[in-house]
>>> print(open('model.tsv').read())   # TSV, C-alpha atoms
chain	number	residue	atom	x	y	z
A	1	MET	CA	5.66	-19.14	-29.30
A	2	LYS	CA	4.65	-15.49	-29.32
A	3	LEU	CA	6.10	-12.19	-28.18
A	4	TYR	CA	3.97	-9.74	-26.22
A	5	ASP	CA	5.06	-6.51	-27.81
A	6	HIS	CA	4.46	-2.78	-27.97
A	7	LYS	CA	5.56	-0.88	-31.03
A	8	LEU	CA	6.97	2.17	-29.18
A	9	ALA	CA	8.49	0.75	-26.01
A	10	PRO	CA	12.32	0.84	-26.04
A	11	ASN	CA	12.70	-2.57	-24.42
A	12	THR	CA	10.41	-4.33	-26.88
A	13	ARG	CA	12.31	-2.75	-29.76
A	14	ARG	CA	15.55	-4.21	-28.39
A	15	VAL	CA	14.10	-7.70	-28.91
A	16	ARG	CA	12.63	-6.89	-32.33
A	17	VAL	CA	15.95	-5.50	-33.64
A	18	PHE	CA	17.76	-8.51	-32.19
A	19	LEU	CA	15.37	-10.91	-33.93
A	20	ALA	CA	15.67	-8.99	-37.21
A	21	GLU	CA	19.47	-9.28	-37.07
A	22	LYS	CA	19.12	-13.01	-36.48
A	23	GLY	CA	16.53	-13.41	-39.23
A	24	ILE	CA	14.08	-14.99	-36.79
A	25	GLU	CA	10.35	-14.40	-37.14
A	26	VAL	CA	8.19	-14.66	-34.03
A	27	PRO	CA	4.44	-13.96	-33.97
A	28	MET	CA	3.76	-10.68	-32.19
A	29	GLN	CA	0.90	-10.03	-29.79
A	30	PRO	CA	0.44	-6.27	-29.26
A	31	VAL	CA	-0.11	-5.08	-25.69
A	32	ASP	CA	-2.13	-1.87	-25.31
A	33	LEU	CA	0.00	0.10	-22.85
A	34	LYS	CA	-2.22	3.16	-23.24
A	35	GLU	CA	-5.11	1.16	-21.82
A	36	ARG	CA	-2.74	-0.28	-19.14
A	37	GLU	CA	-3.27	-3.81	-20.43
A	38	GLN	CA	0.11	-4.71	-18.87
A	39	GLN	CA	-1.37	-4.00	-15.43
A	40	GLY	CA	-4.42	-6.22	-15.94
A	41	ASN	CA	-4.81	-9.59	-14.23
A	42	ALA	CA	-4.19	-11.64	-17.38
A	43	PHE	CA	-0.90	-9.92	-18.10
A	44	VAL	CA	0.29	-9.82	-14.48
A	45	ALA	CA	-0.29	-13.57	-14.28
A	46	MET	CA	2.40	-13.87	-17.00
A	47	ASN	CA	4.68	-11.18	-15.60
A	48	PRO	CA	4.12	-9.95	-12.05
A	49	PHE	CA	6.50	-7.06	-12.77
A	50	ALA	CA	3.96	-5.79	-15.37
A	51	THR	CA	6.47	-4.94	-18.10
A	52	VAL	CA	6.80	-5.70	-21.79
A	53	PRO	CA	8.23	-7.64	-23.57
A	54	VAL	CA	7.12	-11.13	-22.54
A	55	LEU	CA	7.96	-14.21	-24.59
A	56	GLU	CA	5.45	-17.03	-24.34
A	57	LEU	CA	7.04	-20.41	-25.03
A	58	ASP	CA	5.23	-23.36	-26.54
A	59	ASP	CA	5.00	-25.07	-23.15
A	60	GLY	CA	3.03	-22.08	-21.84
A	61	SER	CA	5.84	-20.68	-19.71
A	62	HIS	CA	6.90	-17.04	-19.96
A	63	LEU	CA	10.25	-15.31	-20.27
A	64	CYS	CA	10.50	-11.61	-19.38
A	65	GLU	CA	13.27	-8.98	-19.48
A	66	SER	CA	14.42	-8.00	-22.95
A	67	VAL	CA	18.07	-9.00	-22.55
A	68	ALA	CA	17.09	-12.40	-21.11
A	69	ILE	CA	14.80	-12.97	-24.10
A	70	CYS	CA	17.63	-12.02	-26.44
A	71	ARG	CA	19.94	-14.48	-24.71
A	72	TYR	CA	17.36	-17.24	-25.18
A	73	PHE	CA	17.41	-16.68	-28.93
A	74	GLU	CA	21.21	-16.36	-28.94
A	75	ALA	CA	21.49	-19.80	-27.32
A	76	LEU	CA	18.97	-21.33	-29.75
A	77	HIS	CA	20.30	-19.59	-32.88
A	78	PRO	CA	23.97	-18.69	-32.36
A	79	ASP	CA	24.47	-17.27	-35.88
A	80	PRO	CA	25.09	-14.47	-36.41
A	81	PRO	CA	26.52	-14.04	-32.92
A	82	LEU	CA	25.23	-10.89	-31.22
A	83	MET	CA	26.39	-11.69	-27.66
A	84	GLY	CA	29.95	-12.84	-28.25
A	85	THR	CA	31.70	-16.07	-29.20
A	86	ASP	CA	34.50	-17.24	-26.86
A	87	PRO	CA	34.51	-16.58	-23.06
A	88	ALA	CA	36.44	-13.28	-23.21
A	89	ASP	CA	34.35	-12.01	-26.12
A	90	ILE	CA	31.06	-13.02	-24.45
A	91	ALA	CA	32.12	-11.13	-21.33
A	92	THR	CA	33.31	-8.10	-23.33
A	93	VAL	CA	29.97	-7.82	-25.11
A	94	GLU	CA	28.13	-8.11	-21.81
A	95	MET	CA	30.39	-5.45	-20.28
A	96	TRP	CA	29.55	-3.01	-23.07
A	97	GLN	CA	25.87	-3.93	-23.16
A	98	ARG	CA	25.68	-3.18	-19.43
A	99	ARG	CA	27.69	0.03	-19.66
A	100	VAL	CA	25.41	1.34	-22.40
A	101	GLU	CA	22.31	0.20	-20.56
A	102	MET	CA	23.20	1.59	-17.13
A	103	ASN	CA	24.78	4.87	-18.22
A	104	GLY	CA	22.81	5.52	-21.40
A	105	MET	CA	19.45	3.79	-21.73
A	106	MET	CA	18.47	3.81	-18.07
A	107	ALA	CA	19.56	7.43	-17.67
A	108	ALA	CA	17.43	8.29	-20.73
A	109	GLY	CA	14.60	6.46	-18.98
A	110	ASP	CA	15.14	8.52	-15.82
A	111	ALA	CA	14.91	11.68	-17.91
A	112	PHE	CA	11.75	10.63	-19.75
A	113	ARG	CA	9.73	8.89	-17.06
A	114	ASN	CA	10.38	11.67	-14.54
A	115	SER	CA	9.34	14.51	-16.83
A	116	SER	CA	6.78	13.34	-19.39
A	117	PRO	CA	3.23	14.45	-18.47
A	118	ALA	CA	2.01	11.05	-19.70
A	119	PHE	CA	3.90	9.35	-16.87
A	120	GLU	CA	2.89	11.63	-14.04
A	121	GLY	CA	2.45	9.53	-10.90
A	122	ARG	CA	4.04	6.46	-12.50
A	123	ALA	CA	7.70	7.26	-12.86
A	124	VAL	CA	8.80	3.62	-12.48
A	125	ALA	CA	7.60	0.76	-14.69
A	126	GLY	CA	5.46	-1.74	-12.82
A	127	LEU	CA	2.33	-1.89	-10.68
A	128	THR	CA	3.40	0.46	-7.91
A	129	GLN	CA	2.88	4.17	-8.44
A	130	TYR	CA	5.81	6.48	-7.78
A	131	PRO	CA	5.74	10.25	-8.23
A	132	GLN	CA	8.07	11.89	-10.72
A	133	ILE	CA	11.29	13.46	-9.42
A	134	ALA	CA	12.26	16.52	-11.42
A	135	GLU	CA	15.86	16.47	-10.16
A	136	LEU	CA	16.21	12.88	-11.38
A	137	ALA	CA	15.01	13.87	-14.85
A	138	GLU	CA	17.74	16.51	-14.89
A	139	ARG	CA	20.35	14.06	-13.63
A	140	GLY	CA	19.28	11.62	-16.34
A	141	ARG	CA	19.77	14.27	-19.02
A	142	ALA	CA	23.23	15.11	-17.70
A	143	ARG	CA	24.24	11.45	-17.49
A	144	VAL	CA	23.17	10.65	-21.06
A	145	THR	CA	25.05	13.73	-22.31
A	146	ARG	CA	28.17	12.62	-20.42
A	147	PHE	CA	27.73	9.05	-21.68
A	148	TYR	CA	27.80	10.23	-25.30
A	149	GLU	CA	31.13	11.96	-24.66
A	150	MET	CA	32.59	8.72	-23.27
A	151	LEU	CA	31.10	6.75	-26.17
A	152	ASP	CA	32.76	9.08	-28.64
A	153	ASP	CA	36.18	8.20	-27.18
A	154	VAL	CA	35.37	4.49	-27.37
A	155	LEU	CA	34.33	4.73	-31.02
A	156	ALA	CA	37.53	6.54	-32.05
A	157	ASP	CA	39.21	3.28	-33.02
A	158	ARG	CA	36.42	0.83	-33.76
A	159	GLU	CA	33.28	0.47	-35.83
A	160	PHE	CA	30.99	-0.91	-33.17
A	161	ILE	CA	30.61	-0.41	-29.44
A	162	ALA	CA	32.03	-3.76	-28.31
A	163	GLY	CA	34.65	-4.10	-31.07
A	164	ASP	CA	34.71	-4.77	-34.81
A	165	ARG	CA	31.42	-6.66	-34.93
A	166	TYR	CA	27.81	-5.48	-34.47
A	167	THR	CA	26.43	-6.78	-31.15
A	168	ILE	CA	23.59	-6.32	-28.67
A	169	ALA	CA	25.59	-3.39	-27.24
A	170	ASP	CA	24.95	-1.52	-30.51
A	171	ILE	CA	21.25	-2.37	-30.28
A	172	THR	CA	21.05	-0.90	-26.79
A	173	GLY	CA	23.07	2.10	-28.01
A	174	LEU	CA	20.83	2.71	-31.03
A	175	ILE	CA	17.76	2.59	-28.84
A	176	THR	CA	19.35	4.87	-26.26
A	177	VAL	CA	19.86	7.56	-28.90
A	178	ASP	CA	16.31	7.24	-30.23
A	179	PHE	CA	14.79	7.03	-26.74
A	180	GLY	CA	16.86	10.00	-25.56
A	181	GLY	CA	15.46	11.91	-28.53
A	182	TRP	CA	12.00	11.70	-26.94
A	183	SER	CA	13.41	14.01	-24.24
A	184	LYS	CA	15.36	16.03	-26.82
A	185	ILE	CA	18.68	14.65	-25.57
A	186	THR	CA	20.91	14.27	-28.61
A	187	PRO	CA	24.64	13.65	-29.07
A	188	ASP	CA	26.43	16.96	-29.48
A	189	PRO	CA	27.38	17.63	-33.14
A	190	SER	CA	31.05	17.69	-32.11
A	191	LEU	CA	30.86	13.97	-31.24
A	192	LYS	CA	31.69	12.83	-34.78
A	193	ASN	CA	32.38	9.22	-33.87
A	194	VAL	CA	29.00	8.82	-32.21
A	195	HIS	CA	27.24	10.34	-35.21
A	196	THR	CA	29.10	8.12	-37.69
A	197	TRP	CA	28.33	5.04	-35.61
A	198	TYR	CA	24.67	6.04	-35.23
A	199	GLU	CA	24.41	6.44	-39.00
A	200	ARG	CA	25.97	3.01	-39.43
A	201	VAL	CA	23.64	1.17	-37.04
A	202	SER	CA	20.44	3.07	-37.82
A	203	SER	CA	20.82	2.40	-41.56
A	204	ARG	CA	20.78	-1.37	-41.06
A	205	PRO	CA	17.43	-2.89	-42.05
A	206	SER	CA	17.00	-4.21	-38.49
A	207	ALA	CA	16.66	-0.64	-37.19
A	208	ASP	CA	13.16	-0.50	-38.70
A	209	ALA	CA	12.00	-3.47	-36.62
B	1	MET	CA	45.05	-12.85	-13.91
B	2	LYS	CA	43.99	-10.67	-10.99
B	3	LEU	CA	40.82	-9.09	-9.69
B	4	TYR	CA	40.80	-5.44	-8.62
B	5	ASP	CA	38.64	-5.70	-5.57
B	6	HIS	CA	37.26	-3.80	-2.60
B	7	LYS	CA	36.15	-5.72	0.46
B	8	LEU	CA	32.97	-3.72	1.11
B	9	ALA	CA	31.63	-2.84	-2.34
B	10	PRO	CA	28.46	-4.80	-3.23
B	11	ASN	CA	29.52	-5.38	-6.85
B	12	THR	CA	32.91	-6.79	-5.96
B	13	ARG	CA	31.28	-9.12	-3.45
B	14	ARG	CA	29.05	-10.46	-6.22
B	15	VAL	CA	32.15	-11.69	-8.03
B	16	ARG	CA	33.81	-13.04	-4.88
B	17	VAL	CA	30.72	-15.06	-3.89
B	18	PHE	CA	30.41	-16.32	-7.47
B	19	LEU	CA	34.06	-17.46	-7.47
B	20	ALA	CA	33.67	-19.10	-4.07
B	21	GLU	CA	30.66	-21.09	-5.34
B	22	LYS	CA	32.72	-22.20	-8.35
B	23	GLY	CA	35.75	-23.04	-6.19
B	24	ILE	CA	37.95	-20.73	-8.27
B	25	GLU	CA	40.79	-18.78	-6.66
B	26	VAL	CA	41.88	-15.54	-8.28
B	27	PRO	CA	44.57	-13.23	-6.84
B	28	MET	CA	42.98	-10.08	-5.43
B	29	GLN	CA	44.38	-6.58	-5.76
B	30	PRO	CA	42.66	-4.25	-3.26
B	31	VAL	CA	41.59	-0.83	-4.54
B	32	ASP	CA	41.49	1.94	-1.96
B	33	LEU	CA	38.09	3.52	-2.65
B	34	LYS	CA	38.43	5.79	0.40
B	35	GLU	CA	41.47	7.39	-1.23
B	36	ARG	CA	39.58	7.45	-4.59
B	37	GLU	CA	42.17	5.19	-6.20
B	38	GLN	CA	39.47	4.17	-8.71
B	39	GLN	CA	39.44	7.74	-10.02
B	40	GLY	CA	43.20	7.93	-10.52
B	41	ASN	CA	44.84	7.82	-13.93
B	42	ALA	CA	46.20	4.29	-13.59
B	43	PHE	CA	42.79	2.86	-12.71
B	44	VAL	CA	40.83	4.90	-15.25
B	45	ALA	CA	43.20	3.63	-17.96
B	46	MET	CA	41.84	0.15	-17.14
B	47	ASN	CA	38.23	1.21	-16.64
B	48	PRO	CA	37.14	4.65	-17.88
B	49	PHE	CA	33.90	4.22	-15.94
B	50	ALA	CA	35.98	4.21	-12.72
B	51	THR	CA	34.18	1.35	-10.99
B	52	VAL	CA	35.24	-1.86	-9.28
B	53	PRO	CA	35.56	-4.77	-9.89
B	54	VAL	CA	37.99	-5.05	-12.81
B	55	LEU	CA	39.43	-8.38	-13.93
B	56	GLU	CA	42.87	-8.19	-15.50
B	57	LEU	CA	43.47	-11.05	-17.91
B	58	ASP	CA	46.87	-12.58	-18.64
B	59	ASP	CA	47.06	-10.78	-21.98
B	60	GLY	CA	46.80	-7.44	-20.13
B	61	SER	CA	43.21	-6.71	-21.21
B	62	HIS	CA	40.56	-5.78	-18.68
B	63	LEU	CA	37.00	-6.94	-18.09
B	64	CYS	CA	34.67	-4.73	-16.06
B	65	GLU	CA	31.07	-5.01	-14.81
B	66	SER	CA	30.52	-7.67	-12.16
B	67	VAL	CA	27.95	-9.72	-14.08
B	68	ALA	CA	30.14	-9.73	-17.20
B	69	ILE	CA	33.08	-10.97	-15.12
B	70	CYS	CA	30.87	-13.69	-13.64
B	71	ARG	CA	29.80	-14.74	-17.14
B	72	TYR	CA	33.44	-15.03	-18.17
B	73	PHE	CA	34.08	-17.51	-15.37
B	74	GLU	CA	30.82	-19.32	-16.11
B	75	ALA	CA	31.94	-19.86	-19.72
B	76	LEU	CA	35.42	-21.05	-18.63
B	77	HIS	CA	34.23	-23.20	-15.71
B	78	PRO	CA	30.63	-24.29	-16.32
B	79	ASP	CA	30.40	-26.46	-13.18
B	80	PRO	CA	28.58	-25.90	-10.96
B	81	PRO	CA	26.29	-23.89	-13.25
B	82	LEU	CA	25.30	-20.55	-11.72
B	83	MET	CA	23.84	-18.95	-14.87
B	84	GLY	CA	21.65	-21.73	-16.25
B	85	THR	CA	22.14	-24.82	-18.41
B	86	ASP	CA	19.86	-25.07	-21.49
B	87	PRO	CA	18.55	-22.04	-23.42
B	88	ALA	CA	15.30	-21.63	-21.45
B	89	ASP	CA	17.10	-22.08	-18.14
B	90	ILE	CA	19.89	-19.64	-19.08
B	91	ALA	CA	17.24	-17.07	-19.98
B	92	THR	CA	15.23	-17.74	-16.83
B	93	VAL	CA	18.28	-17.19	-14.62
B	94	GLU	CA	19.09	-13.96	-16.47
B	95	MET	CA	15.48	-12.81	-16.11
B	96	TRP	CA	15.62	-13.27	-12.34
B	97	GLN	CA	19.12	-11.87	-12.00
B	98	ARG	CA	17.93	-8.72	-13.80
B	99	ARG	CA	14.69	-8.46	-11.83
B	100	VAL	CA	16.59	-8.67	-8.53
B	101	GLU	CA	19.24	-6.26	-9.74
B	102	MET	CA	16.92	-3.59	-11.16
B	103	ASN	CA	14.21	-3.71	-8.50
B	104	GLY	CA	16.31	-4.70	-5.50
B	105	MET	CA	20.02	-4.00	-5.66
B	106	MET	CA	19.87	-0.82	-7.76
B	107	ALA	CA	17.03	0.55	-5.66
B	108	ALA	CA	19.09	-0.16	-2.53
B	109	GLY	CA	21.90	1.72	-4.26
B	110	ASP	CA	19.59	4.68	-4.93
B	111	ALA	CA	18.68	4.72	-1.24
B	112	PHE	CA	22.27	4.54	-0.01
B	113	ARG	CA	24.14	6.74	-2.48
B	114	ASN	CA	21.54	9.50	-2.24
B	115	SER	CA	21.50	9.67	1.55
B	116	SER	CA	24.86	8.58	3.01
B	117	PRO	CA	26.93	11.58	4.13
B	118	ALA	CA	30.01	9.78	2.77
B	119	PHE	CA	28.59	10.09	-0.77
B	120	GLU	CA	27.53	13.69	-0.65
B	121	GLY	CA	28.19	15.22	-4.07
B	122	ARG	CA	28.88	11.86	-5.70
B	123	ALA	CA	25.57	10.06	-5.84
B	124	VAL	CA	26.44	8.11	-9.00
B	125	ALA	CA	29.48	5.84	-9.33
B	126	GLY	CA	32.03	7.15	-11.81
B	127	LEU	CA	34.11	10.22	-12.47
B	128	THR	CA	31.30	12.77	-12.81
B	129	GLN	CA	29.97	14.36	-9.64
B	130	TYR	CA	26.21	14.38	-9.16
B	131	PRO	CA	24.45	15.80	-6.10
B	132	GLN	CA	22.33	13.55	-3.93
B	133	ILE	CA	18.56	13.55	-4.46
B	134	ALA	CA	16.69	13.01	-1.19
B	135	GLU	CA	13.45	12.03	-2.98
B	136	LEU	CA	15.33	9.33	-4.87
B	137	ALA	CA	16.70	7.91	-1.63
B	138	GLU	CA	13.09	7.68	-0.40
B	139	ARG	CA	11.91	6.09	-3.64
B	140	GLY	CA	14.74	3.58	-3.40
B	141	ARG	CA	13.66	2.60	0.11
B	142	ALA	CA	10.06	2.16	-1.02
B	143	ARG	CA	11.06	0.12	-4.06
B	144	VAL	CA	13.26	-2.28	-2.08
B	145	THR	CA	10.48	-2.75	0.46
B	146	ARG	CA	8.00	-3.52	-2.34
B	147	PHE	CA	10.52	-5.82	-4.02
B	148	TYR	CA	10.79	-7.95	-0.87
B	149	GLU	CA	7.01	-8.40	-0.87
B	150	MET	CA	7.12	-9.63	-4.47
B	151	LEU	CA	10.11	-11.87	-3.68
B	152	ASP	CA	8.16	-13.44	-0.82
B	153	ASP	CA	5.47	-14.55	-3.28
B	154	VAL	CA	8.09	-15.97	-5.65
B	155	LEU	CA	9.74	-17.95	-2.87
B	156	ALA	CA	6.47	-19.52	-1.71
B	157	ASP	CA	7.01	-22.60	-3.89
B	158	ARG	CA	10.76	-22.80	-4.47
B	159	GLU	CA	14.04	-22.88	-2.59
B	160	PHE	CA	15.94	-20.39	-4.71
B	161	ILE	CA	15.03	-17.26	-6.64
B	162	ALA	CA	15.31	-18.70	-10.15
B	163	GLY	CA	14.04	-22.20	-9.30
B	164	ASP	CA	15.30	-25.25	-7.42
B	165	ARG	CA	19.01	-24.50	-7.88
B	166	TYR	CA	21.23	-21.77	-6.38
B	167	THR	CA	22.19	-19.24	-9.09
B	168	ILE	CA	23.63	-15.78	-9.60
B	169	ALA	CA	20.12	-14.43	-8.92
B	170	ASP	CA	20.52	-15.61	-5.32
B	171	ILE	CA	23.92	-13.94	-5.12
B	172	THR	CA	22.43	-10.63	-6.24
B	173	GLY	CA	19.54	-11.18	-3.80
B	174	LEU	CA	21.83	-11.94	-0.86
B	175	ILE	CA	23.85	-8.82	-1.56
B	176	THR	CA	20.70	-6.73	-1.96
B	177	VAL	CA	19.57	-7.68	1.55
B	178	ASP	CA	22.99	-6.96	3.06
B	179	PHE	CA	23.45	-3.72	1.08
B	180	GLY	CA	19.91	-2.59	1.93
B	181	GLY	CA	20.82	-3.15	5.57
B	182	TRP	CA	23.36	-0.31	5.31
B	183	SER	CA	20.34	1.98	4.89
B	184	LYS	CA	18.35	0.03	7.51
B	185	ILE	CA	16.03	-1.41	4.85
B	186	THR	CA	15.20	-4.93	5.96
B	187	PRO	CA	12.57	-7.48	4.84
B	188	ASP	CA	9.49	-7.19	7.04
B	189	PRO	CA	9.34	-10.02	9.63
B	190	SER	CA	6.03	-11.14	8.07
B	191	LEU	CA	7.86	-12.13	4.86
B	192	LYS	CA	8.69	-15.63	6.10
B	193	ASN	CA	9.77	-16.97	2.70
B	194	VAL	CA	12.31	-14.21	2.24
B	195	HIS	CA	13.72	-14.78	5.71
B	196	THR	CA	13.97	-18.56	5.20
B	197	TRP	CA	15.67	-18.05	1.83
B	198	TYR	CA	18.06	-15.45	3.27
B	199	GLU	CA	19.02	-17.87	6.05
B	200	ARG	CA	19.62	-20.55	3.40
B	201	VAL	CA	21.87	-18.45	1.15
B	202	SER	CA	23.71	-16.52	3.84
B	203	SER	CA	24.70	-19.71	5.65
B	204	ARG	CA	26.55	-21.05	2.60
B	205	PRO	CA	30.33	-20.74	2.99
B	206	SER	CA	30.44	-18.54	-0.12
B	207	ALA	CA	28.54	-15.79	1.72
B	208	ASP	CA	31.71	-15.03	3.70
B	209	ALA	CA	33.67	-14.28	0.52
>>> encode(input="model.tsv", output="C-alpha cells")
Amino acid sequence: MKLYDHKLAPNTRRVRVFLAEKGIEVPMQPVDLKEREQQGNAFVAMNPFATVPVLELDDGSHLCESVAICRYFEALHPDPPLMGTDPADIATVEMWQRRVEMNGMMAAGDAFRNSSPAFEGRAVAGLTQYPQIAELAERGRARVTRFYEMLDDVLADREFIAGDRYTIADITGLITVDFGGWSKITPDPSLKNVHTWYERVSSRPSADA
Amino acid sequence: MKLYDHKLAPNTRRVRVFLAEKGIEVPMQPVDLKEREQQGNAFVAMNPFATVPVLELDDGSHLCESVAICRYFEALHPDPPLMGTDPADIATVEMWQRRVEMNGMMAAGDAFRNSSPAFEGRAVAGLTQYPQIAELAERGRARVTRFYEMLDDVLADREFIAGDRYTIADITGLITVDFGGWSKITPDPSLKNVHTWYERVSSRPSADA
C-alpha cells in the first residue's frame, strides 16, 4: 500500500491528519504537482480525474477522493472513531463534514484557484483547462467569511464541530482555515468560539501531518 | 420520523430514490420553496443552512445533507447495499459518488443557479444572497459536458458507475442528467455508454420517486 501525496495540497493533508489521528503509518509517494506529474500518463492511468491523493492498494487497485480514502481506513481501523459510531452519529458527522466542505473548504478553493497567478488558466482541478473567474473568487471569499460566522454559533455549546468528539469534520475545518489563509481569509477576531476551536484542533500533534 | 421534502429539488430526489431502492417508506412533509418556507424561522431552527431535505428523527433531532441522510438509512437498513459492503467497496462507492457529485451534479447546479431567472440574486442555496455569475454558468455547462465524456469511458466495461451493482453513485448520476436537462445540458448522442446506462437506471421503478 502507498499514498500518492503532495505536502501542500489541502486534500492530501486531510488524509495525512486522519491517518495521524488513527496512528496508522502508510508509505508516502510524493507527486510533483509543480511539474504537473498528476497530469502525466502514468498518473492519469491511476486516476483519470488527475487529482491527489491516490491510495494504491496491495492488489494494485487505486482509491481516489480524500474522504473516500479516509472512510476506507475508518472501516479497517474503527478506533478511534473519526466518522461516527451508531447510525445517527455516523450521519451527523457526515452532515457536518459536508457542511464544512461545501460552505468552507470548497468556497476557499473557489477563492484561491480563481485568483492565484499560479493557477491562471486552470481554475478547476483536473485535465481540462478553465479560465479563472474573478467574481467567483470574490464570492468564495464572502462565503468563507459567512461560514465562519455560522461556525461560531455552532461552537458556542460544544468543543468540536460535530459534537463532543473530534471527527473528520474538524479535520476539514482545520484545513479550511489554513487553506483560506492562503487567500488571506481569516476568521474575524470577534468569532471567539472559532478561534478557541482552531487553537484546540491545530495544537493536536496530527495537525503537523 | 418525517422527511422535509420538495418534489422538484435534486437533493431531495436523491433521498427519495434511495429510499425507494431500499423499500423504506418515510412520511413526507412538503416544504414550499416557492414561498421560501426554507428560509423561515421554523425551518432555519431545524437547519441553519436553510436547505432541503431535512430528516426529523423520533427524538426531535434533525439530520440534513442528502448523502448523510442516505448513510443513516444505509446503516439502519443495510440491504440492499447502496453504499458498498467491505471496506474497499465502501470506499470505491464513495469515490464514485463524490466524483459524480463534484464534477457532474454540482457543475449542473452552477449552470442552473447562475442562469435561471428564478434564481436571480440567490445563486447559492442558503440564507445569504449572492448574485449570479454568467461565466460560472458557462463553466458549469462545459464541466458537465466534459464529465459525460469521462463517464462514457468508465461505463465501457461495466453496467453501473461504481461497478457491477447499482449504488448511490448511480442515483447521483441519474439526477445529474435530469437536473442538467433543466439547463438543456444533455449527453452527446455519440456517448452510447452513457445513454445505455441512463436508460437502465431511469427505467427502474425508483426513478419515479
>>> atom_distance(input="model.tsv", atom1="CA of Val154 (chain A)", atom2="CA of Asn193 (chain A)")
8.6 Å
>>> interface_residues(input="model.tsv", of="chain B", to="chain A", cutoff="9 Å", atoms="all atoms listed in the file", output="ChimeraX atom specification")
/B:48-49,62-76,86-96,98-99,128,130-131,133,135-136,139,143,146,150
>>> atom_distance(input="model.tsv", atom1="CA of Leu155 (chain B)", atom2="CA of Val194 (chain B)")
6.8 Å
>>> atom_distance(input="model.tsv", atom1="CA of Ala209 (chain A)", atom2="CA of Arg16 (chain A)")
5.5 Å
>>> closest_residue(input="model.tsv", among="A:Gly23, A:Arg141, A:Arg36, A:Val17", to="Arg122 (chain A)", atoms="all atoms listed in the file")
A:Arg36
>>> residues_around(input="model.tsv", residues="Arg158 (chain B)", least_positions_apart="5", cutoff="12 Å", atoms="only C-alpha atoms", output="VMD selection string")
chain B and resid 151 to 153 163 to 166 193 to 194 196 to 197
>>> residues_around(input="model.tsv", residues="Asp110 (chain B)", least_positions_apart="2", cutoff="7 Å", atoms="only C-alpha atoms", output="mmCIF file with C-alpha atoms, keeping the file's coordinate frame")
data_model
loop_
_atom_site.group_PDB
_atom_site.id
_atom_site.type_symbol
_atom_site.label_atom_id
_atom_site.label_comp_id
_atom_site.auth_asym_id
_atom_site.auth_seq_id
_atom_site.Cartn_x
_atom_site.Cartn_y
_atom_site.Cartn_z
ATOM 1 C CA MET B 106 19.870 -0.820 -7.760
ATOM 2 C CA ALA B 107 17.030 0.550 -5.660
ATOM 3 C CA ALA B 108 19.090 -0.160 -2.530
ATOM 4 C CA PHE B 112 22.270 4.540 -0.010
ATOM 5 C CA ARG B 113 24.140 6.740 -2.480
ATOM 6 C CA ASN B 114 21.540 9.500 -2.240
ATOM 7 C CA LEU B 136 15.330 9.330 -4.870
ATOM 8 C CA ALA B 137 16.700 7.910 -1.630
ATOM 9 C CA GLY B 140 14.740 3.580 -3.400
#
>>> residues_around(input="model.tsv", residues="Lys184 (chain B)", least_positions_apart="6", cutoff="12 Å", atoms="only C-alpha atoms", output="PyMOL selection string")
chain B and resi 108+111-112+115-116+141+144-145+176-178
>>> write_last_selection(input="model.tsv", atoms="C-alpha atoms", output="PDB file, in the coordinates of the input")
ATOM      1  CA  ALA B 108      19.090  -0.160  -2.530  1.00  0.00           C
ATOM      2  CA  ALA B 111      18.680   4.720  -1.240  1.00  0.00           C
ATOM      3  CA  PHE B 112      22.270   4.540  -0.010  1.00  0.00           C
ATOM      4  CA  SER B 115      21.500   9.670   1.550  1.00  0.00           C
ATOM      5  CA  SER B 116      24.860   8.580   3.010  1.00  0.00           C
ATOM      6  CA  ARG B 141      13.660   2.600   0.110  1.00  0.00           C
ATOM      7  CA  VAL B 144      13.260  -2.280  -2.080  1.00  0.00           C
ATOM      8  CA  THR B 145      10.480  -2.750   0.460  1.00  0.00           C
ATOM      9  CA  THR B 176      20.700  -6.730  -1.960  1.00  0.00           C
ATOM     10  CA  VAL B 177      19.570  -7.680   1.550  1.00  0.00           C
ATOM     11  CA  ASP B 178      22.990  -6.960   3.060  1.00  0.00           C
TER      12      ASP B 178
END
